[in-house]
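*Asks:* Structure file model31.txt (compact mmCIF, C-alpha atoms) is given on the next line.
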```
# COMPACT_ATOMS: atom_id res chain seq x y z
CA MET A 1 -14.84 -26.00 -13.47
CA THR A 2 -13.72 -29.28 -11.90
CA ILE A 3 -12.84 -29.63 -8.23
CA LYS A 4 -9.21 -30.11 -9.22
CA GLY A 5 -9.26 -26.94 -11.32
CA LEU A 6 -10.83 -25.00 -8.45
CA ALA A 7 -8.19 -26.30 -6.04
CA GLN A 8 -5.43 -25.24 -8.44
CA ASN A 9 -6.84 -21.72 -8.73
CA ILE A 10 -7.22 -21.44 -4.96
CA PHE A 11 -3.59 -22.50 -4.55
CA LEU A 12 -2.46 -19.84 -7.04
CA VAL A 13 -4.49 -17.16 -5.24
CA LEU A 14 -2.87 -18.17 -1.93
CA VAL A 15 0.57 -17.82 -3.52
CA ILE A 16 -0.39 -14.34 -4.73
CA LEU A 17 -1.62 -13.41 -1.25
CA LEU A 18 1.72 -14.43 0.22
CA PHE A 19 3.63 -12.30 -2.28
CA PHE A 20 1.23 -9.35 -2.06
CA PRO A 21 2.33 -8.04 1.39
CA ILE A 22 5.98 -8.25 0.35
CA ILE A 23 5.48 -6.36 -2.92
CA ILE A 24 2.88 -3.73 -2.02
CA GLY A 25 3.96 -3.39 1.61
CA GLY A 26 7.53 -2.90 0.41
CA VAL A 27 6.50 -0.11 -1.95
CA LEU A 28 4.54 1.74 0.73
CA ASN A 29 6.84 0.75 3.60
CA MET A 30 3.76 -0.06 5.64
CA PRO A 31 1.45 -3.03 6.27
CA VAL A 32 -1.16 -3.48 3.55
CA GLY A 33 -4.12 -5.86 3.57
CA LEU A 34 -2.35 -8.64 5.46
CA SER A 35 0.16 -8.28 8.25
CA TYR A 36 1.40 -10.12 11.33
CA VAL A 37 2.64 -9.58 14.90
CA GLU A 38 6.11 -10.35 16.19
CA THR A 39 5.62 -10.05 19.97
CA GLU A 40 3.34 -11.41 22.68
CA SER A 41 1.64 -8.05 23.35
CA MET A 42 -1.69 -9.08 21.75
CA MET A 43 -1.95 -12.56 23.28
CA PRO A 44 -4.07 -14.61 23.61
CA GLN A 45 -5.81 -13.52 20.39
CA LEU A 46 -2.59 -13.12 18.41
CA GLU A 47 0.44 -15.30 19.07
CA PRO A 48 3.88 -14.17 17.80
CA GLY A 49 3.98 -14.89 14.06
CA ASP A 50 0.20 -14.92 13.64
CA GLY A 51 -1.23 -12.90 10.79
CA PHE A 52 -4.31 -10.70 10.62
CA MET A 53 -6.38 -8.86 8.04
CA LEU A 54 -5.98 -5.09 8.02
CA ILE A 55 -8.71 -2.77 6.75
CA PRO A 56 -6.87 0.25 5.22
CA SER A 57 -7.42 3.54 6.99
CA GLN A 58 -8.82 4.97 3.75
CA LEU A 59 -11.80 2.61 4.13
CA VAL A 60 -12.37 3.15 7.86
CA ASP A 61 -14.97 5.69 8.94
CA GLY A 62 -13.49 6.74 12.27
CA TYR A 63 -12.00 4.87 15.22
CA GLU A 64 -13.32 4.26 18.72
CA ILE A 65 -12.36 2.61 21.99
CA GLY A 66 -12.02 -1.14 21.56
CA ASP A 67 -10.74 -1.04 17.98
CA VAL A 68 -7.46 -2.84 17.29
CA ILE A 69 -5.28 -0.68 15.05
CA THR A 70 -1.88 -0.78 13.40
CA TYR A 71 -0.10 2.56 13.67
CA ASN A 72 3.25 4.10 12.78
CA ALA A 73 5.10 4.21 16.11
CA GLN A 74 7.40 7.06 17.09
CA ASN A 75 9.34 5.63 20.05
CA PHE A 76 8.93 1.86 19.78
CA PRO A 77 11.82 -0.13 18.24
CA TYR A 78 9.40 -1.23 15.48
CA ASP A 79 8.07 0.84 12.60
CA TYR A 80 4.48 -0.31 13.20
CA VAL A 81 2.66 -1.50 16.30
CA THR A 82 -0.66 -3.35 16.49
CA HIS A 83 -2.51 -2.54 19.73
CA ARG A 84 -6.03 -1.76 20.96
CA ILE A 85 -7.47 1.72 21.50
CA VAL A 86 -8.27 2.05 25.21
CA GLY A 87 -8.82 5.79 25.47
CA VAL A 88 -9.36 9.00 23.53
CA THR A 89 -7.95 12.45 24.35
CA SER A 90 -7.89 15.79 22.59
CA GLN A 91 -4.29 15.01 21.55
CA GLY A 92 -4.94 11.52 20.14
CA PHE A 93 -5.65 7.92 21.02
CA ILE A 94 -4.37 5.94 24.02
CA THR A 95 -3.33 2.42 22.98
CA GLN A 96 -2.38 -0.76 24.78
CA GLY A 97 -1.59 -4.37 23.98
CA ASP A 98 -4.11 -6.86 25.38
CA ASN A 99 -1.28 -8.68 27.16
CA ASN A 100 0.48 -5.52 28.41
CA THR A 101 0.16 -4.06 31.92
CA PHE A 102 0.72 -0.43 30.87
CA THR A 103 -0.53 1.66 27.98
CA ASP A 104 1.89 2.60 25.21
CA GLN A 105 1.81 6.19 26.48
CA THR A 106 2.81 5.28 30.07
CA GLY A 107 5.08 2.30 29.38
CA SER A 108 8.83 2.25 29.02
CA PHE A 109 8.77 3.73 25.50
CA LEU A 110 6.47 6.68 26.40
CA GLU A 111 4.82 6.65 22.97
CA PRO A 112 3.05 9.95 22.16
CA TYR A 113 -0.72 9.93 21.78
CA VAL A 114 -1.57 8.28 18.45
CA LYS A 115 -2.90 10.62 15.77
CA GLU A 116 -5.34 9.34 13.17
CA GLU A 117 -2.81 10.20 10.45
CA GLN A 118 -0.43 7.63 11.96
CA ILE A 119 -2.91 4.77 11.66
CA ALA A 120 -2.36 2.35 8.78
CA GLY A 121 -5.62 0.53 9.32
CA LYS A 122 -8.05 -1.31 11.57
CA VAL A 123 -7.67 -5.03 12.34
CA LEU A 124 -10.63 -7.13 11.19
CA GLU A 125 -12.65 -8.58 14.08
CA LEU A 126 -15.73 -10.81 14.11
CA ASN A 127 -17.88 -10.91 17.25
CA GLY A 128 -15.09 -9.20 19.16
CA ASN A 129 -12.44 -11.72 18.11
CA ILE A 130 -9.53 -10.95 15.81
CA VAL A 131 -9.56 -12.96 12.59
CA SER A 132 -6.11 -14.51 12.88
CA ILE A 133 -4.02 -16.45 10.37
CA PRO A 134 -1.76 -18.85 12.31
CA HIS A 135 1.95 -18.77 11.33
CA PHE A 136 1.31 -16.31 8.47
CA GLY A 137 4.23 -14.18 9.66
CA ASP A 138 6.51 -17.20 9.73
CA ALA A 139 5.65 -17.95 6.10
CA ILE A 140 6.15 -14.29 5.09
CA ASN A 141 9.52 -14.13 6.85
CA PHE A 142 10.68 -17.35 5.20
CA ILE A 143 9.64 -16.14 1.74
CA GLY A 144 11.02 -12.65 2.37
CA ASP A 145 14.38 -13.93 3.59
CA SER A 146 14.62 -16.33 0.64
CA ILE A 147 13.79 -13.58 -1.85
CA ARG A 148 16.27 -11.15 -0.27
CA GLY A 149 19.00 -13.77 -0.41
CA LEU A 150 18.15 -14.66 -4.01
CA SER A 151 17.99 -10.99 -4.95
CA ASN A 152 21.40 -10.23 -3.45
CA ARG A 153 23.01 -13.21 -5.20
CA PHE A 154 21.33 -12.35 -8.52
CA TYR A 155 22.47 -8.72 -8.57
CA SER A 156 25.93 -9.72 -7.41
CA PHE A 157 26.12 -12.35 -10.18
CA ILE A 158 25.21 -9.89 -12.95
CA GLY A 159 27.65 -7.35 -11.53
CA ILE A 160 25.23 -4.70 -10.27
CA ASP A 161 26.32 -3.36 -6.91
CA GLY A 162 24.61 -0.88 -4.64
CA VAL A 163 21.03 -1.97 -5.36
CA ASP A 164 18.75 -1.01 -2.47
CA GLU A 165 17.77 -4.24 -0.68
CA LYS A 166 14.10 -3.28 -0.47
CA VAL A 167 13.87 -2.26 -4.12
CA GLY A 168 15.73 -5.38 -5.18
CA SER A 169 13.40 -7.60 -3.15
CA ILE A 170 10.30 -5.94 -4.62
CA VAL A 171 11.57 -6.32 -8.20
CA MET A 172 12.56 -9.93 -7.53
CA SER A 173 9.15 -10.67 -5.96
CA VAL A 174 7.29 -9.30 -8.97
CA GLY A 175 9.54 -11.28 -11.29
CA ILE A 176 9.11 -14.55 -9.38
CA LEU A 177 5.34 -14.07 -9.19
CA ALA A 178 5.14 -13.37 -12.93
CA VAL A 179 7.17 -16.51 -13.66
CA LEU A 180 4.95 -18.59 -11.34
CA VAL A 181 1.78 -17.37 -13.06
CA PHE A 182 3.28 -17.96 -16.53
CA VAL A 183 4.48 -21.48 -15.63
CA TRP A 184 1.14 -22.28 -14.02
CA GLU A 185 -0.78 -21.21 -17.10
CA SER A 186 1.61 -23.04 -19.42
CA LEU A 187 1.32 -26.28 -17.47
CA ALA A 188 -2.45 -25.95 -17.40
CA GLY A 189 -2.45 -25.50 -21.18
CA ILE A 190 -0.29 -28.59 -21.67
CA ILE A 191 -2.59 -30.64 -19.46
CA VAL A 192 -5.64 -29.48 -21.39
CA LYS A 193 -4.02 -30.34 -24.73
CA SER A 194 -2.86 -33.75 -23.49
CA ARG A 195 -6.44 -34.59 -22.62
CA LYS A 196 -7.47 -33.51 -26.09
CA ILE A 197 -9.98 -30.96 -24.83
CA VAL A 198 -9.59 -29.10 -28.09
CA ARG A 199 -11.94 -28.84 -31.04
CA LYS A 200 -10.64 -30.84 -34.00
CA LYS A 201 -11.96 -28.65 -36.78
CA ARG A 202 -10.80 -25.30 -35.49
CA PRO A 203 -8.45 -25.18 -32.55
CA LYS A 204 -9.45 -22.49 -30.10
CA ALA A 205 -6.93 -20.99 -27.75
CA ARG A 206 -7.57 -21.64 -24.10
CA SER A 207 -8.98 -18.65 -22.28
CA ASN A 208 -6.42 -17.18 -19.92
CA LEU A 209 -8.99 -15.58 -17.65
CA LEU A 210 -6.95 -16.27 -14.54
CA LEU A 211 -3.87 -14.71 -16.10
CA TYR A 212 -5.88 -11.64 -17.14
CA GLY A 213 -7.38 -11.45 -13.66
CA VAL A 214 -3.99 -11.52 -11.97
CA PHE A 215 -2.63 -8.99 -14.43
CA ILE A 216 -5.50 -6.54 -13.92
CA LEU A 217 -5.50 -7.07 -10.16
CA PHE A 218 -1.85 -6.16 -9.87
CA LEU A 219 -2.27 -3.28 -12.30
CA VAL A 220 -5.05 -1.79 -10.17
CA PHE A 221 -3.10 -2.31 -6.96
CA ALA A 222 0.09 -0.91 -8.45
CA THR A 223 -1.71 2.21 -9.73
CA SER A 224 -3.54 2.74 -6.44
CA VAL A 225 -0.44 2.16 -4.36
CA SER A 226 1.60 4.54 -6.50
CA VAL A 227 -0.93 7.34 -5.98
CA ILE A 228 -1.55 6.66 -2.29
CA SER A 229 2.18 6.49 -1.58
CA MET A 230 2.56 10.01 -2.98
CA SER A 231 0.25 11.45 -0.31
CA GLN A 232 1.95 13.33 2.49
CA ASN A 233 1.26 13.58 6.22
CA ASN A 234 3.40 16.56 7.20
CA LEU A 235 4.22 16.57 10.91
CA VAL A 236 3.95 19.89 12.73
CA GLU A 237 5.65 19.88 16.14
CA PHE A 238 5.72 22.76 18.59
CA VAL A 239 5.91 23.56 22.28
CA ALA A 240 3.31 25.75 23.97
CA THR A 241 5.20 27.80 26.55
CA GLU A 242 4.93 30.92 28.68
CA GLY A 243 8.64 31.58 28.26
CA ASN A 244 10.72 32.61 25.27
CA THR A 245 9.40 31.61 21.87
CA SER A 246 11.28 30.27 18.85
CA SER A 247 10.62 28.44 15.57
CA ARG A 248 9.34 25.46 17.60
CA ALA A 249 7.98 27.28 20.65
CA VAL A 250 4.76 29.30 20.61
CA HIS A 251 3.44 31.37 23.49
CA VAL A 252 0.36 29.80 25.09
CA GLY A 253 -2.87 31.20 23.66
CA ASP A 254 -1.15 32.84 20.67
CA SER A 255 -1.79 32.17 16.98
CA VAL A 256 1.16 32.06 14.60
CA SER A 257 1.11 31.81 10.80
CA MET A 258 3.55 29.35 9.25
CA ASP A 259 4.49 28.16 5.76
CA LEU A 260 4.78 24.65 4.35
CA GLU A 261 6.73 24.22 1.11
CA VAL A 262 5.45 21.55 -1.28
CA GLY A 263 7.56 20.71 -4.32
CA ASN A 264 7.45 18.52 -7.41
CA ASN A 265 10.69 16.79 -8.38
CA GLY A 266 9.07 14.73 -11.12
CA ILE A 267 8.68 15.44 -14.82
CA ILE A 268 4.87 15.27 -14.74
CA PRO A 269 2.76 18.08 -13.20
CA ILE A 270 0.93 17.14 -10.02
CA TYR A 271 -2.12 18.27 -8.09
CA ALA A 272 -1.62 18.81 -4.37
CA HIS A 273 -4.90 18.82 -2.49
CA VAL A 274 -4.72 20.17 1.06
CA ASN A 275 -7.23 18.52 3.39
CA PRO A 276 -8.90 21.13 5.63
CA LYS A 277 -8.06 21.17 9.34
CA ASP A 278 -9.51 23.26 12.15
CA GLY A 279 -8.29 23.34 15.72
CA ILE A 280 -4.73 23.51 17.03
CA ILE A 281 -3.62 23.52 13.40
CA GLU A 282 -5.79 25.49 11.02
CA VAL A 283 -5.45 25.15 7.25
CA GLU A 284 -7.89 25.82 4.41
CA GLU A 285 -8.86 23.26 1.80
CA GLU A 286 -7.30 24.02 -1.56
CA THR A 287 -5.94 22.27 -4.63
CA TYR A 288 -2.62 23.44 -6.08
CA VAL A 289 -1.16 22.69 -9.50
CA ILE A 290 2.62 22.18 -9.34
CA GLY A 291 4.59 21.95 -12.55
CA ARG A 292 7.90 20.22 -13.19
CA ASP A 293 10.56 21.31 -10.64
CA GLY A 294 8.00 23.74 -9.24
CA SER A 295 6.80 24.37 -5.71
CA VAL A 296 4.02 26.12 -3.81
CA THR A 297 3.68 27.54 -0.33
CA VAL A 298 0.84 26.32 1.84
CA GLN A 299 -0.01 28.64 4.69
CA TYR A 300 -1.31 27.32 7.99
CA THR A 301 -1.91 28.68 11.48
CA ILE A 302 -0.82 27.28 14.83
CA ASN A 303 -3.39 28.07 17.53
CA SER A 304 -1.36 27.39 20.65
CA PRO A 305 -3.41 25.83 23.50
CA GLU A 306 -3.62 27.48 26.92
CA GLU A 307 -1.71 24.62 28.55
CA ASN A 308 2.06 24.27 28.42
CA GLY A 309 3.27 21.17 26.64
CA TYR A 310 4.58 19.48 23.53
CA TYR A 311 2.06 19.11 20.69
CA ARG A 312 2.08 17.07 17.48
CA GLU A 313 -0.32 17.60 14.58
CA TYR A 314 -0.39 16.66 10.89
CA ILE A 315 -1.23 18.50 7.68
CA THR A 316 -2.40 15.98 5.06
CA LEU A 317 -1.88 16.53 1.34
CA ASP A 318 -3.23 14.19 -1.32
CA ILE A 319 -0.92 14.14 -4.33
CA TYR A 320 -2.23 13.17 -7.79
CA LEU A 321 -0.50 12.94 -11.15
CA GLY A 322 -1.65 15.68 -13.50
CA ILE A 323 -3.09 13.43 -16.20
CA PHE A 324 -6.61 14.89 -16.01
CA PRO A 325 -7.65 18.49 -16.71
CA GLY A 326 -7.73 20.70 -13.65
CA SER A 327 -11.50 21.22 -13.69
CA VAL A 328 -12.11 17.46 -13.94
CA MET A 329 -9.68 16.75 -11.09
CA GLU A 330 -11.22 19.37 -8.81
CA SER A 331 -14.71 18.03 -9.52
CA MET A 332 -13.67 14.48 -8.65
CA ILE A 333 -11.90 15.59 -5.46
CA SER A 334 -14.97 17.59 -4.38
CA ILE A 335 -17.05 14.39 -4.63
CA ASN A 336 -14.53 12.09 -2.93
CA ARG A 337 -10.77 12.33 -2.40
CA TYR A 338 -10.35 8.73 -3.66
CA LEU A 339 -12.37 9.15 -6.85
CA PRO A 340 -9.28 10.31 -8.85
CA ILE A 341 -7.52 7.07 -7.85
CA ILE A 342 -10.44 5.01 -9.18
CA ALA A 343 -10.38 7.06 -12.39
CA MET A 344 -6.65 6.42 -12.78
CA ASP A 345 -7.20 2.68 -12.24
CA ILE A 346 -9.86 2.63 -14.96
CA LEU A 347 -7.60 4.60 -17.30
CA ALA A 348 -4.68 2.23 -16.65
CA ILE A 349 -6.86 -0.81 -17.37
CA GLY A 350 -8.32 0.82 -20.48
CA VAL A 351 -4.86 1.53 -21.87
CA SER A 352 -3.23 -1.76 -20.90
CA ILE A 353 -5.84 -4.29 -21.99
CA PRO A 354 -5.61 -3.40 -25.73
CA LEU A 355 -1.83 -3.65 -25.47
CA PHE A 356 -2.20 -7.01 -23.74
CA LEU A 357 -4.54 -8.26 -26.49
CA ILE A 358 -2.22 -7.00 -29.24
CA LEU A 359 0.70 -8.85 -27.63
CA LYS A 360 -1.41 -12.00 -27.39
CA ARG A 361 -2.36 -11.72 -31.09
CA GLU A 362 1.26 -11.23 -32.09
CA LEU A 363 2.27 -14.31 -30.12
CA ARG A 364 -0.42 -16.35 -31.89
CA SER A 365 0.74 -15.01 -35.25
CA SER A 366 4.33 -16.01 -34.44
CA LYS A 367 3.20 -19.52 -33.50
CA ARG A 368 1.28 -19.89 -36.77
CA THR A 369 4.33 -18.71 -38.73
CA VAL A 370 6.55 -21.23 -36.96
CA SER A 371 3.99 -24.00 -37.65
CA ARG A 372 3.85 -23.17 -41.39
CA ASP A 373 7.64 -23.12 -41.60
CA LYS A 374 7.81 -26.55 -39.95
CA GLY A 375 5.15 -27.83 -42.34
CA ALA A 376 7.07 -26.54 -45.35
CA LYS A 377 10.25 -28.23 -44.14
CA ASN A 378 8.42 -31.53 -43.72
CA VAL A 379 7.09 -31.31 -47.27
CA LEU A 380 10.57 -30.68 -48.63
```
Is it possible to express this structure as structure tokens?
*Replies:*
Amino acid sequence: MTIKGLAQNIFLVLVILLFFPIIIGGVLNMPVGLSYVETESMMPQLEPGDGFMLIPSQLVDGYEIGDVITYNAQNFPYDYVTHRIVGVTSQGFITQGDNNTFTDQTGSFLEPYVKEEQIAGKVLELNGNIVSIPHFGDAINFIGDSIRGLSNRFYSFIGIDGVDEKVGSIVMSVGILAVLVFVWESLAGIIVKSRKIVRKKRPKARSNLLLYGVFILFLVFATSVSVISMSQNNLVEFVATEGNTSSRAVHVGDSVSMDLEVGNNGIIPIYAHVNPKDGIIEVEEETYVIGRDGSVTVQYTINSPEENGYYREYITLDIYLGIFPGSVMESMISINRYLPIIAMDILAIGVSIPLFLILKRELRSSKRTVSRDKGAKNVL
């Protein structure tokens, strides 16, 4: 590959990376892979608008003091906050911005202790320094605002009203990215042909390895994101009290059994795997099969602490589409909770690549037909 060709591919990858947070992050409604800060709370390492690389929580083996995390905030005016862990308690993590005087839990917003289930991921650091991407957020905001404006005008032009702005932006982003990749590949093919880098005896179609790579990459991400987004972190809130009890108040030191309803509104059966939990909230590990329009009841126990106070815990359920036999699914989950996602990615690739190749063959056949017709007309 020439230096020019390498530079072109790098440019295309950068374009994909800019679109990726908008598309995937929009589907999950959370930062994925790449994100950015909007305030001065993490200065001097992160200026407002600077980007950073986020290691997904699914790939992080525990958190400790000093880690910079992005978590789903409860009381802040932002959905997600990126701050450093400065303390650990039995009720969760204590967090604070490097440039802030007070912790999030003692500041003006009185953020509750951060539970691990709230954490979207860990910020990548090298030698104690955050790997920052200057002005990445500015670029994302510019692209996002442009796409939202284009999306709104497009749907208004074709007469479709009431399209959710987020959904419209995601669809528009995918469409623009697909067009960019197609145009890029087409221009590259024209350049190659103009330079006559084609065998004279038997023309050979240019390999679209980059196009295949982009296609498979997005297929894998889309499949993984779809499955991960189905998982549920069910919040359990209660007050430990010595006074009167209710549905949200439990007498200190008591244990109360509760029910959690899990339903399936889709047309495909699902597997709901309950992750075990032991402590204030106690729930057994189990995998449920839920059919179309069905539901199951998951029982859990609240072990109220001896101290009065407000407590927040989560019950995590991994949701998988029922495309594998139950025994196979349970075996994969017993090995690793993410193994079914990998299996679904492989299945999606295995099914889509033959379809992609068939489409490519049909397009070639159509081109040959058009060429013969033109040749026949010239003869006549």
*Asks:* Measuring between all atoms listed in the file, which one of A:Glu40, A:Glu242, A:Asp61, A:Glu282 shows the shortest distance to Glu116 of chain A?
*Replies:*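 Going through A:Glu40, A:Glu242, A:Asp61, A:Glu282 one by one, the smallest distance to Glu116 of chain A is for A:Asp61.
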*Asks:* Would you write out, as a Markdown table, a table of all residues in segment 263-287 of chain A that have an atom no more than 12 Å from an atom of segment 333-339 of chain A, listing for each the closest atom pair and the distance in Å to one decimal, considering all atoms listed in the file and ordering rows by chain and rising residue number?
*Replies:*
```
| residue | atom | partner | partner_atom | distance |
| --- | --- | --- | --- | --- |
| A:Tyr271 | CA | A:Ile333 | CA | 10.5 |
| A:Ala272 | CA | A:Ile333 | CA | 10.8 |
| A:His273 | CA | A:Ile333 | CA | 8.3 |
| A:Val274 | CA | A:Arg337 | CA | 10.5 |
| A:Asn275 | CA | A:Arg337 | CA | 9.2 |
| A:Glu285 | CA | A:Ser334 | CA | 10.4 |
| A:Glu286 | CA | A:Ile333 | CA | 10.4 |
| A:Thr287 | CA | A:Ile333 | CA | 9.0 |
```
*Asks:* What is the distance between atom CA of Arg153 of chain A and atom CA of Ile140 of chain A, in Å to one decimal?
*Replies:* 19.8 Å
*Asks:* Within 6 Å of (-8.8, -9.3, 10.5) in the file's own coordinates, which protein, DNA or RNA residues have an atom, counting all atoms listed in the file? List them as a list of chain:residue names.
*Replies:*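 Output of the proximity query reads A:Phe52, A:Met53, A:Leu54, A:Val123, A:Leu124, A:Glu125, A:Ile130, A:Val131.
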*Asks:* Could you write those residues out with C-alpha atoms, as a tab-separated table (two decimals), in the frame of the given file?
*Replies:*
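Output below, filename out_3.tsv:
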```tsv
chain	number	residue	atom	x	y	z
A	52	PHE	CA	-4.31	-10.70	10.62
A	53	MET	CA	-6.38	-8.86	8.04
A	54	LEU	CA	-5.98	-5.09	8.02
A	123	VAL	CA	-7.67	-5.03	12.34
A	124	LEU	CA	-10.63	-7.13	11.19
A	125	GLU	CA	-12.65	-8.58	14.08
A	130	ILE	CA	-9.53	-10.95	15.81
A	131	VAL	CA	-9.56	-12.96	12.59
```
*Asks:* Considering all atoms listed in the file, return as number ranges by chain whatever protein or nucleic-acid residues lie within 8 Å of segment 289-301 of chain A, sequence-local ones (same chain, fewer than 3 positions apart) excluded.
*Replies:* A: 255-272, 281-284
*Asks:* Suppose you want the space between atom CA of Glu38 of chain A and atom CA of Ile94 of chain A; what is it in Å?
*Replies:*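 It comes out at 20.9 Å.
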*Asks:* Taking only C-alpha atoms into account, name the residue in A:Val60, A:Ile319, A:Val236, A:Val81 that is nearest to Ser41 of chain A.
*Replies:*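 Closest to Ser41 of chain A, using only C-alpha atoms: A:Val81.
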